[in-house]
$ cat input06.pdb   # PDB, C-alpha atoms and all ligand atoms
ATOM      1  CA  MET X   1     -14.357 -18.801   1.041
ATOM      2  CA  THR X   2     -13.514 -15.105   0.717
ATOM      3  CA  ARG X   3     -10.452 -14.523  -1.512
ATOM      4  CA  LEU X   4      -8.123 -11.536  -1.705
ATOM      5  CA  ILE X   5      -5.937 -11.251  -4.794
ATOM      6  CA  THR X   6      -2.823  -9.204  -4.096
ATOM      7  CA  ILE X   7       0.701  -8.210  -4.890
ATOM      8  CA  TYR X   8       2.276  -9.267  -1.609
ATOM      9  CA  PHE X   9       4.200  -6.057  -0.874
ATOM     10  CA  SER X  10       1.679  -3.604  -2.378
ATOM     11  CA  HIS X  11       0.538  -0.921   0.036
ATOM     12  CA  TYR X  12      -2.994  -0.788  -1.486
ATOM     13  CA  CYS X  13      -3.186  -4.535  -0.807
ATOM     14  CA  GLU X  14      -1.863  -4.001   2.702
ATOM     15  CA  LYS X  15      -4.647  -1.467   3.256
ATOM     16  CA  ALA X  16      -7.317  -4.022   2.288
ATOM     17  CA  ARG X  17      -5.612  -6.821   4.237
ATOM     18  CA  TRP X  18      -5.375  -4.631   7.353
ATOM     19  CA  ALA X  19      -9.115  -3.851   7.252
ATOM     20  CA  LEU X  20     -10.031  -7.510   6.699
ATOM     21  CA  GLU X  21      -7.761  -8.821   9.448
ATOM     22  CA  ARG X  22      -8.893  -6.138  11.872
ATOM     23  CA  ALA X  23     -12.524  -7.071  11.204
ATOM     24  CA  ARG X  24     -11.593 -10.757  11.645
ATOM     25  CA  VAL X  25     -12.893 -11.686   8.219
ATOM     26  CA  ASP X  26     -11.958 -15.236   7.320
ATOM     27  CA  PHE X  27     -10.198 -14.922   3.962
ATOM     28  CA  VAL X  28      -7.489 -16.483   1.886
ATOM     29  CA  GLU X  29      -4.861 -14.249   0.324
ATOM     30  CA  GLU X  30      -3.625 -15.118  -3.178
ATOM     31  CA  PRO X  31      -0.437 -13.082  -3.697
ATOM     32  CA  HIS X  32       1.109 -12.646  -7.159
ATOM     33  CA  VAL X  33       4.088 -11.233  -9.001
ATOM     34  CA  PRO X  34       3.284  -7.752 -10.422
ATOM     35  CA  GLY X  35       1.946  -8.326 -13.929
ATOM     36  CA  ILE X  36       0.646 -11.829 -13.198
ATOM     37  CA  SER X  37      -1.483  -9.962 -10.652
ATOM     38  CA  GLY X  38      -3.177  -8.229 -13.599
ATOM     39  CA  ILE X  39      -4.139 -11.556 -15.154
ATOM     40  CA  ALA X  40      -5.406 -12.879 -11.806
ATOM     41  CA  SER X  41      -7.364  -9.664 -11.321
ATOM     42  CA  LYS X  42      -8.953  -9.941 -14.784
ATOM     43  CA  VAL X  43      -9.810 -13.626 -14.298
ATOM     44  CA  ALA X  44     -11.598 -12.641 -11.079
ATOM     45  CA  ARG X  45     -13.507  -9.924 -13.009
ATOM     46  CA  GLY X  46     -11.319  -7.150 -11.642
ATOM     47  CA  ASN X  47      -9.915  -4.308 -13.729
ATOM     48  CA  ARG X  48      -6.242  -5.466 -13.743
ATOM     49  CA  SER X  49      -5.259  -3.741 -10.547
ATOM     50  CA  VAL X  50      -5.127  -5.410  -7.129
ATOM     51  CA  PRO X  51      -6.401  -5.837  -4.480
ATOM     52  CA  VAL X  52      -9.522  -7.634  -5.657
ATOM     53  CA  LEU X  53     -11.845  -9.242  -3.139
ATOM     54  CA  ILE X  54     -14.137 -12.071  -4.181
ATOM     55  CA  ASP X  55     -16.876 -13.261  -1.860
ATOM     56  CA  GLY X  56     -19.480 -15.340  -3.661
ATOM     57  CA  ALA X  57     -21.083 -13.085  -6.250
ATOM     58  CA  THR X  58     -19.458  -9.991  -4.730
ATOM     59  CA  VAL X  59     -16.343  -8.714  -6.498
ATOM     60  CA  LEU X  60     -14.678  -5.578  -5.103
ATOM     61  CA  LYS X  61     -12.021  -3.949  -7.273
ATOM     62  CA  GLU X  62     -11.060  -0.945  -5.162
ATOM     63  CA  SER X  63      -9.225  -1.108  -1.857
ATOM     64  CA  ALA X  64     -11.563   1.579  -0.440
ATOM     65  CA  ASP X  65     -14.581  -0.616  -1.175
ATOM     66  CA  ILE X  66     -12.882  -3.551   0.534
ATOM     67  CA  VAL X  67     -12.209  -1.457   3.649
ATOM     68  CA  ARG X  68     -15.841  -0.365   3.771
ATOM     69  CA  TRP X  69     -17.062  -3.927   3.136
ATOM     70  CA  ALA X  70     -14.822  -5.256   5.947
ATOM     71  CA  ASP X  71     -16.004  -2.715   8.498
ATOM     72  CA  ALA X  72     -18.503   0.003   7.598
ATOM     73  CA  SER X  73     -18.009   1.562  11.043
ATOM     74  CA  LEU X  74     -14.600   2.805   9.848
ATOM     75  CA  TYR X  75     -16.663   5.390   7.936
ATOM     76  CA  PRO X  76     -18.737   6.986  10.727
ATOM     77  CA  GLU X  77     -22.151   8.081   9.531
ATOM     78  CA  GLY X  78     -22.409  11.746   8.640
ATOM     79  CA  ASP X  79     -18.638  12.277   8.662
ATOM     80  CA  THR X  80     -17.866  13.285   5.075
ATOM     81  CA  ASP X  81     -14.302  14.185   6.051
ATOM     82  CA  VAL X  82     -13.318  10.534   6.333
ATOM     83  CA  ALA X  83     -14.246   9.614   2.761
ATOM     84  CA  ALA X  84     -12.757  12.856   1.400
ATOM     85  CA  LEU X  85      -9.436  12.237   3.169
ATOM     86  CA  CYS X  86      -9.360   8.612   2.010
ATOM     87  CA  GLU X  87      -9.915   9.796  -1.530
ATOM     88  CA  THR X  88      -6.983  12.209  -1.316
ATOM     89  CA  PHE X  89      -4.709   9.533   0.139
ATOM     90  CA  ASP X  90      -5.766   7.029  -2.552
ATOM     91  CA  ARG X  91      -5.288   9.455  -5.395
ATOM     92  CA  LYS X  92      -2.252  11.428  -4.259
ATOM     93  CA  LEU X  93      -0.333   9.667  -1.483
ATOM     94  CA  GLY X  94      -0.476   6.042  -2.708
ATOM     95  CA  PRO X  95       1.026   6.641  -6.159
ATOM     96  CA  ALA X  96       3.633   9.031  -4.701
ATOM     97  CA  THR X  97       4.973   6.735  -1.951
ATOM     98  CA  ARG X  98       5.032   3.848  -4.433
ATOM     99  CA  ARG X  99       7.094   5.829  -6.932
ATOM    100  CA  VAL X 100       9.544   7.073  -4.298
ATOM    101  CA  ALA X 101      10.034   3.543  -2.941
ATOM    102  CA  TYR X 102      10.406   2.016  -6.410
ATOM    103  CA  GLY X 103      12.860   4.805  -7.238
ATOM    104  CA  ARG X 104      15.247   3.227  -4.746
ATOM    105  CA  VAL X 105      14.254  -0.440  -4.822
ATOM    106  CA  LEU X 106      14.486  -0.722  -8.627
ATOM    107  CA  GLN X 107      18.141   0.273  -8.370
ATOM    108  CA  LEU X 108      18.887  -3.054  -6.695
ATOM    109  CA  PRO X 109      20.700  -5.670  -8.750
ATOM    110  CA  SER X 110      18.256  -7.933 -10.660
ATOM    111  CA  GLU X 111      19.054 -10.898  -8.446
ATOM    112  CA  GLN X 112      18.023  -9.081  -5.275
ATOM    113  CA  LEU X 113      15.036  -7.513  -7.019
ATOM    114  CA  GLY X 114      13.906 -10.983  -8.040
ATOM    115  CA  VAL X 115      13.824 -11.975  -4.401
ATOM    116  CA  VAL X 116      11.553  -8.981  -3.684
ATOM    117  CA  PHE X 117       9.174  -9.833  -6.556
ATOM    118  CA  GLY X 118       9.022 -13.488  -5.506
ATOM    119  CA  PHE X 119       8.836 -12.928  -1.756
ATOM    120  CA  GLY X 120       5.898 -14.584   0.023
ATOM    121  CA  LEU X 121       4.678 -16.343  -3.148
ATOM    122  CA  PRO X 122       4.115 -19.989  -3.982
ATOM    123  CA  ARG X 123       7.305 -21.596  -5.249
ATOM    124  CA  TRP X 124       6.595 -21.559  -9.016
ATOM    125  CA  GLU X 125       5.574 -17.916  -8.977
ATOM    126  CA  ALA X 126       8.526 -16.925  -6.785
ATOM    127  CA  HIS X 127      10.696 -18.553  -9.438
ATOM    128  CA  LEU X 128       8.899 -16.562 -12.125
ATOM    129  CA  GLY X 129       9.450 -13.355 -10.127
ATOM    130  CA  ARG X 130      13.178 -14.084  -9.956
ATOM    131  CA  THR X 131      13.389 -14.990 -13.632
ATOM    132  CA  LEU X 132      11.472 -11.954 -14.844
ATOM    133  CA  ALA X 133      13.006  -9.425 -12.443
ATOM    134  CA  PHE X 134      14.911  -7.444 -15.035
ATOM    135  CA  ALA X 135      11.961  -7.201 -17.449
ATOM    136  CA  LEU X 136       9.525  -6.430 -14.632
ATOM    137  CA  ALA X 137      11.737  -3.619 -13.376
ATOM    138  CA  ALA X 138      11.805  -2.063 -16.850
ATOM    139  CA  LEU X 139       8.048  -2.407 -17.181
ATOM    140  CA  ILE X 140       7.361  -0.852 -13.778
ATOM    141  CA  ARG X 141       9.816   1.960 -14.437
ATOM    142  CA  ARG X 142       8.025   2.808 -17.669
ATOM    143  CA  SER X 143       4.403   2.326 -16.630
ATOM    144  CA  LEU X 144       4.743   4.169 -13.315
ATOM    145  CA  HIS X 145       7.125   6.867 -14.596
ATOM    146  CA  VAL X 146       9.835   5.995 -12.116
ATOM    147  CA  THR X 147      12.290   8.631 -13.322
ATOM    148  CA  PRO X 148      14.343  11.122 -11.281
ATOM    149  CA  GLU X 149      11.822  13.857 -12.229
ATOM    150  CA  GLY X 150       8.863  11.608 -11.394
ATOM    151  CA  VAL X 151      10.375  10.742  -8.027
ATOM    152  CA  GLU X 152      11.009  14.421  -7.310
ATOM    153  CA  ARG X 153       7.387  15.306  -8.139
ATOM    154  CA  SER X 154       6.187  12.493  -5.911
ATOM    155  CA  ARG X 155       8.335  13.743  -3.049
ATOM    156  CA  GLY X 156       6.515  17.059  -3.418
ATOM    157  CA  ALA X 157       3.129  15.293  -3.302
ATOM    158  CA  ILE X 158       4.132  13.378  -0.158
ATOM    159  CA  ASP X 159       5.273  16.623   1.487
ATOM    160  CA  GLU X 160       1.901  18.214   0.730
ATOM    161  CA  VAL X 161      -0.109  15.295   2.108
ATOM    162  CA  PHE X 162       2.118  15.038   5.169
ATOM    163  CA  ALA X 163       1.620  18.784   5.787
ATOM    164  CA  THR X 164      -2.174  18.350   5.601
ATOM    165  CA  VAL X 165      -1.987  15.514   8.113
ATOM    166  CA  ALA X 166       0.180  17.582  10.475
ATOM    167  CA  GLU X 167      -2.250  20.482  10.171
ATOM    168  CA  ARG X 168      -5.180  18.273  11.166
ATOM    169  CA  LEU X 169      -3.339  16.869  14.164
ATOM    170  CA  LYS X 170      -2.162  20.301  15.334
ATOM    171  CA  ASP X 171      -5.023  20.684  17.818
ATOM    172  CA  GLY X 172      -3.806  17.619  19.702
ATOM    173  CA  ARG X 173      -6.417  15.149  18.397
ATOM    174  CA  ARG X 174      -5.324  11.537  18.397
ATOM    175  CA  TYR X 175      -6.846  10.616  15.058
ATOM    176  CA  LEU X 176      -7.316  12.387  11.749
ATOM    177  CA  CYS X 177     -11.044  12.822  12.207
ATOM    178  CA  GLY X 178     -11.251  13.251  15.972
ATOM    179  CA  ASP X 179     -11.296  10.772  18.828
ATOM    180  CA  ALA X 180     -11.674   7.516  16.972
ATOM    181  CA  PHE X 181      -9.653   5.438  14.514
ATOM    182  CA  THR X 182     -11.332   5.620  11.098
ATOM    183  CA  ALA X 183     -10.713   4.558   7.501
ATOM    184  CA  ALA X 184      -8.780   7.820   7.097
ATOM    185  CA  ASP X 185      -6.123   6.746   9.629
ATOM    186  CA  LEU X 186      -5.937   3.231   8.214
ATOM    187  CA  THR X 187      -5.706   4.465   4.627
ATOM    188  CA  PHE X 188      -3.105   7.080   5.518
ATOM    189  CA  ALA X 189      -0.873   4.680   7.466
ATOM    190  CA  ALA X 190      -1.051   1.878   4.895
ATOM    191  CA  LEU X 191      -0.372   4.139   1.918
ATOM    192  CA  ALA X 192       2.434   5.953   3.766
ATOM    193  CA  ALA X 193       4.037   2.614   4.709
ATOM    194  CA  PRO X 194       6.568   2.482   1.821
ATOM    195  CA  VAL X 195       8.230   5.670   3.133
ATOM    196  CA  VAL X 196       7.504   5.129   6.834
ATOM    197  CA  ALA X 197       8.441   1.429   7.081
ATOM    198  CA  PRO X 198       6.408   0.439  10.153
ATOM    199  CA  ASP X 199       7.687  -2.745  11.829
ATOM    200  CA  PHE X 200       4.607  -4.724  10.785
ATOM    201  CA  TYR X 201       5.068  -3.888   7.089
ATOM    202  CA  ALA X 202       8.581  -5.388   7.185
ATOM    203  CA  ARG X 203       7.135  -8.905   6.930
ATOM    204  CA  PHE X 204       6.221  -8.316   3.270
ATOM    205  CA  PHE X 205       9.856  -7.764   2.214
ATOM    206  CA  PRO X 206      13.117  -9.679   2.486
ATOM    207  CA  SER X 207      14.831  -8.306   5.606
ATOM    208  CA  GLU X 208      17.827  -6.815   3.783
ATOM    209  CA  VAL X 209      15.515  -4.858   1.490
ATOM    210  CA  MET X 210      13.474  -3.553   4.397
ATOM    211  CA  ALA X 211      16.747  -2.469   6.043
ATOM    212  CA  LEU X 212      17.545  -0.523   2.882
ATOM    213  CA  ILE X 213      14.087   1.071   2.831
ATOM    214  CA  LYS X 214      14.544   2.085   6.470
ATOM    215  CA  ASP X 215      17.997   3.520   5.835
ATOM    216  CA  ASP X 216      17.514   5.203   2.464
ATOM    217  CA  ILE X 217      13.843   6.001   2.024
ATOM    218  CA  THR X 218      12.448   7.029   5.402
ATOM    219  CA  GLY X 219      15.191   9.633   5.963
ATOM    220  CA  PRO X 220      13.398  12.834   4.891
ATOM    221  CA  TYR X 221      10.229  11.922   6.804
ATOM    222  CA  ARG X 222      11.467  10.569  10.111
ATOM    223  CA  ASP X 223      11.028  13.781  12.089
ATOM    224  CA  SER X 224       7.591  14.639  10.758
ATOM    225  CA  VAL X 225       4.301  14.563  12.644
ATOM    226  CA  ALA X 226       2.715  12.532   9.829
ATOM    227  CA  PHE X 227       5.450   9.885  10.017
ATOM    228  CA  ALA X 228       4.846   9.528  13.776
ATOM    229  CA  HIS X 229       1.091   9.295  13.170
ATOM    230  CA  ALA X 230       1.454   6.480  10.614
ATOM    231  CA  ARG X 231       3.804   4.572  12.922
ATOM    232  CA  ARG X 232       1.436   5.060  15.865
ATOM    233  CA  MET X 233      -1.554   3.791  13.860
ATOM    234  CA  TYR X 234       0.416   0.643  13.062
ATOM    235  CA  GLU X 235       1.458   0.185  16.687
ATOM    236  CA  LEU X 236      -2.039   0.690  18.076
ATOM    237  CA  HIS X 237      -4.311  -0.771  15.411
ATOM    238  CA  ARG X 238      -2.447  -3.284  13.245
TER     239      ARG X 238
HETATM  240  N1  LIG B 301      -7.437   2.425  -6.887
HETATM  241  C1  LIG B 301      -6.875   1.126  -6.674
HETATM  242  C2  LIG B 301      -5.367   1.194  -6.853
HETATM  243  C3  LIG B 301      -4.684  -0.129  -6.675
HETATM  244  C4  LIG B 301      -3.306  -0.182  -7.317
HETATM  245  O1  LIG B 301      -2.731   0.825  -7.750
HETATM  246  N2  LIG B 301      -2.763  -1.407  -7.380
HETATM  247  C5  LIG B 301      -1.492  -1.635  -7.993
HETATM  248  C6  LIG B 301      -0.551  -2.302  -6.992
HETATM  249  S1  LIG B 301       0.003  -1.146  -5.769
HETATM  250  C7  LIG B 301      -1.619  -2.605  -9.157
HETATM  251  O2  LIG B 301      -2.380  -3.536  -9.124
HETATM  252  N3  LIG B 301      -0.833  -2.367 -10.208
HETATM  253  C8  LIG B 301      -0.751  -3.273 -11.329
HETATM  254  C9  LIG B 301      -1.727  -2.935 -12.444
HETATM  255  O3  LIG B 301      -2.504  -1.980 -12.322
HETATM  256  O4  LIG B 301      -1.696  -3.700 -13.424
HETATM  257  C10 LIG B 301      -7.250   0.627  -5.271
HETATM  258  O5  LIG B 301      -7.310   1.448  -4.356
HETATM  259  O6  LIG B 301      -7.502  -0.576  -5.117
END
$ encode --input "input06.pdb" --output "structure tokens"
Amino acid sequence: MTRLITIYFSHYCEKARWALERARVDFVEEPHVPGISGIASKVARGNRSVPVLIDGATVLKESADIVRWADASLYPEGDTDVAALCETFDRKLGPATRRVAYGRVLQLPSEQLGVVFGFGLPRWEAHLGRTLAFALAALIRRSLHVTPEGVERSRGAIDEVFATVAERLKDGRRYLCGDAFTAADLTFAALAAPVVAPDFYARFFPSEVMALIKDDITGPYRDSVAFAHARRMYELHR
């Protein structure tokens, strides 16, 4: 059986999950509390981060590799733009949207934060998520540099990526690389999800937290072309 080790609400994990579900791969998701995810990743021969996909002897430690493994046609042959865009989104957009979202979510009281960390997990690990919420928040804040300056820098990075996306779509094309949905659109929409809050992504959060994300985090992006593109990719292809 194919296994996918995740942090339930992680947007890199959502990217892998989206590709697998779209390709109708039969897999079992094993979601974890951040931190425990690192142990699960290591045990599966990953490099601490998630997602990790295990299929027999195959172990994939990068979400981009999982997308390609799920459906190689998402990377049309000869189109180097797709891989280059995915690389930019992975390197620049993913960390930035995560930091901006954590910048707000980590301000929640520990009790509510615990519900976020434990959401969608087996009972014992949900309990662990609730118990460790305060410590986890401190750890995440430190390891991901979730500071006012860090958040500000990340807002700048999101603005730059969103501007690049708008520029590409300026000629009226429906997708980032032309007429067809590719890994670039999937990667963009999944990694933008923490600041775009597509309806589908709401299922990975307690509803009151998703309401907060919608109210407080999406604000600066709502009128942008890139925001509309991410939402449209979710509506049409998720
Ligand atoms: N380059 C990796 C990045 C994945 C990533 O950043 N995963 C985060 C969750 S969003 C993670 O596992 N963080 C915990 C850790 O690294 O220990 C990929 O695309 O798969």
$ residues_near_ligand --input "input06.pdb" --ligand "ligand LIG 301 (chain B)" --cutoff "9 Å" --atoms "only C-alpha atoms and all ligand atoms" --output "PyMOL selection string"
chain X and resi 6-7+9-13+15-16+34-39+41+47-52+60-66+90-91+94-95+98+140
$ atom_distance --input "input06.pdb" --atom1 "atom CA of Ala96 of chain X" --atom2 "atom CA of Ala180 of chain X"
26.6 Å
$ resolve_selection --input "input06.pdb" --expression "the PyMOL selection byres (((chain X and resi 176) around 12) and not hetatm)" --output "count of residues only"
38
$ residues_around --input "input06.pdb" --residues "segment 199-203 of chain X" --least-positions-apart "3" --cutoff "8 Å" --atoms "only C-alpha atoms" --output "ChimeraX atom specification"
/X:193,206-207,210,234,238
$ closest_residue --input "input06.pdb" --among "X:Ala192, X:Leu144, X:Val115, X:Val105" --to "Ala211 of chain X" --atoms "only C-alpha atoms"
X:Val105
$ closest_residue --input "input06.pdb" --among "X:Gly56, X:Gly114, X:Gly120, X:Pro148" --to "Leu136 of chain X" --atoms "all atoms listed in the file"
X:Gly114
$ axis_aligned_box --input "input06.pdb" --around "segment 190-208 of chain X" --padding-each-side "5 Å" --output "lines of an AutoDock Vina configuration file"
center_x = 8.4
center_y = -1.9
center_z = 6.8
size_x = 28.9
size_y = 25.6
size_z = 20.0
$ closest_residue --input "input06.pdb" --among "X:Ser143, X:Leu4, X:Lys92, X:Tyr75" --to "Gly46 of chain X" --atoms "all atoms listed in the file"
X:Leu4
$ atom_distance --input "input06.pdb" --atom1 "atom CA of Arg232 of chain X" --atom2 "atom CA of Leu121 of chain X"
28.8 Å
$ residues_around --input "input06.pdb" --residues "Val195 of chain X" --least-positions-apart "5" --cutoff "7 Å" --atoms "only C-alpha atoms" --output "PyMOL selection string"
chain X and resi 97+101+217-218
$ closest_residue --input "input06.pdb" --among "X:Leu106, X:Ile5, X:Val196, X:Val28" --to "Arg142 of chain X" --atoms "only C-alpha atoms"
X:Leu106
$ residues_around --input "input06.pdb" --residues "Asp26 of chain X" --least-positions-apart "6" --cutoff "10 Å" --atoms "all atoms listed in the file" --output "list in words"
Met1, Thr2, Arg3 and Leu20 of chain X
$ atom_distance --input "input06.pdb" --atom1 "atom CA of Tyr221 of chain X" --atom2 "atom CA of Phe119 of chain X"
26.3 Å
$ residues_near_point --input "input06.pdb" --point "(11.2, -15.3, -13.5)" --cutoff "12 Å" --atoms "all atoms listed in the file" --output "ChimeraX atom specification"
/X:33-36,110-111,113-118,123-137
$ resolve_selection --input "input06.pdb" --expression "the PyMOL selection byres (((chain X and resi 156) around 12) and not hetatm)" --output "MDAnalysis selection string"
chainID X and resid 92:93 96:97 99:100 149:155 157:163 220
$ closest_residue --input "input06.pdb" --among "X:Asp223, X:Tyr102, X:Asp55, X:Gln112" --to "Leu139 of chain X" --atoms "all atoms listed in the file"
X:Tyr102
$ build_atoms --input "input06.pdb" --residues "segment 181-205 of chain X" --atoms "N, CA and C atoms" --output "short mmCIF file (atom, residue, chain, number, x, y, z; two decimals), in the frame of the given file"
data_model
loop_
_atom_site.label_atom_id
_atom_site.label_comp_id
_atom_site.auth_asym_id
_atom_site.auth_seq_id
_atom_site.Cartn_x
_atom_site.Cartn_y
_atom_site.Cartn_z
N PHE X 181 -10.35 5.98 15.69
CA PHE X 181 -9.65 5.44 14.51
C PHE X 181 -10.68 5.23 13.40
N THR X 182 -10.40 5.77 12.23
CA THR X 182 -11.33 5.62 11.10
C THR X 182 -10.57 5.13 9.87
N ALA X 183 -11.32 4.96 8.78
CA ALA X 183 -10.71 4.56 7.50
C ALA X 183 -9.65 5.56 7.07
N ALA X 184 -9.77 6.81 7.49
CA ALA X 184 -8.78 7.82 7.10
C ALA X 184 -7.42 7.48 7.71
N ASP X 185 -7.40 7.10 8.98
CA ASP X 185 -6.12 6.75 9.63
C ASP X 185 -5.54 5.47 9.02
N LEU X 186 -6.41 4.50 8.78
CA LEU X 186 -5.94 3.23 8.21
C LEU X 186 -5.38 3.46 6.81
N THR X 187 -6.12 4.21 6.01
CA THR X 187 -5.71 4.46 4.63
C THR X 187 -4.40 5.26 4.62
N PHE X 188 -4.32 6.27 5.47
CA PHE X 188 -3.10 7.08 5.52
C PHE X 188 -1.90 6.21 5.89
N ALA X 189 -2.03 5.44 6.98
CA ALA X 189 -0.87 4.68 7.47
C ALA X 189 -0.44 3.62 6.45
N ALA X 190 -1.41 2.93 5.85
CA ALA X 190 -1.05 1.88 4.89
C ALA X 190 -0.38 2.47 3.65
N LEU X 191 -0.93 3.57 3.16
CA LEU X 191 -0.37 4.14 1.92
C LEU X 191 0.92 4.91 2.17
N ALA X 192 1.15 5.31 3.42
CA ALA X 192 2.43 5.95 3.77
C ALA X 192 3.51 4.90 4.04
N ALA X 193 3.10 3.65 4.24
CA ALA X 193 4.04 2.61 4.71
C ALA X 193 5.33 2.50 3.89
N PRO X 194 5.30 2.62 2.55
CA PRO X 194 6.57 2.48 1.82
C PRO X 194 7.62 3.53 2.18
N VAL X 195 7.21 4.69 2.73
CA VAL X 195 8.23 5.67 3.13
C VAL X 195 8.33 5.80 4.65
N VAL X 196 7.51 5.05 5.37
CA VAL X 196 7.50 5.13 6.83
C VAL X 196 8.05 3.83 7.45
N ALA X 197 7.92 2.73 6.68
CA ALA X 197 8.44 1.43 7.08
C ALA X 197 8.07 1.02 8.50
N PRO X 198 6.79 0.91 8.82
CA PRO X 198 6.41 0.44 10.15
C PRO X 198 6.89 -1.01 10.34
N ASP X 199 7.15 -1.40 11.59
CA ASP X 199 7.69 -2.74 11.83
C ASP X 199 6.82 -3.82 11.19
N PHE X 200 5.50 -3.69 11.29
CA PHE X 200 4.61 -4.72 10.78
C PHE X 200 4.78 -4.93 9.27
N TYR X 201 4.98 -3.85 8.56
CA TYR X 201 5.07 -3.89 7.09
C TYR X 201 6.34 -4.62 6.63
N ALA X 202 7.31 -4.74 7.54
CA ALA X 202 8.58 -5.39 7.18
C ALA X 202 8.38 -6.84 6.76
N ARG X 203 7.31 -7.48 7.23
CA ARG X 203 7.14 -8.90 6.93
C ARG X 203 6.85 -9.17 5.45
N PHE X 204 6.55 -8.12 4.69
CA PHE X 204 6.22 -8.32 3.27
C PHE X 204 7.44 -8.13 2.36
N PHE X 205 8.61 -7.97 2.98
CA PHE X 205 9.86 -7.76 2.21
C PHE X 205 10.97 -8.65 2.77
#
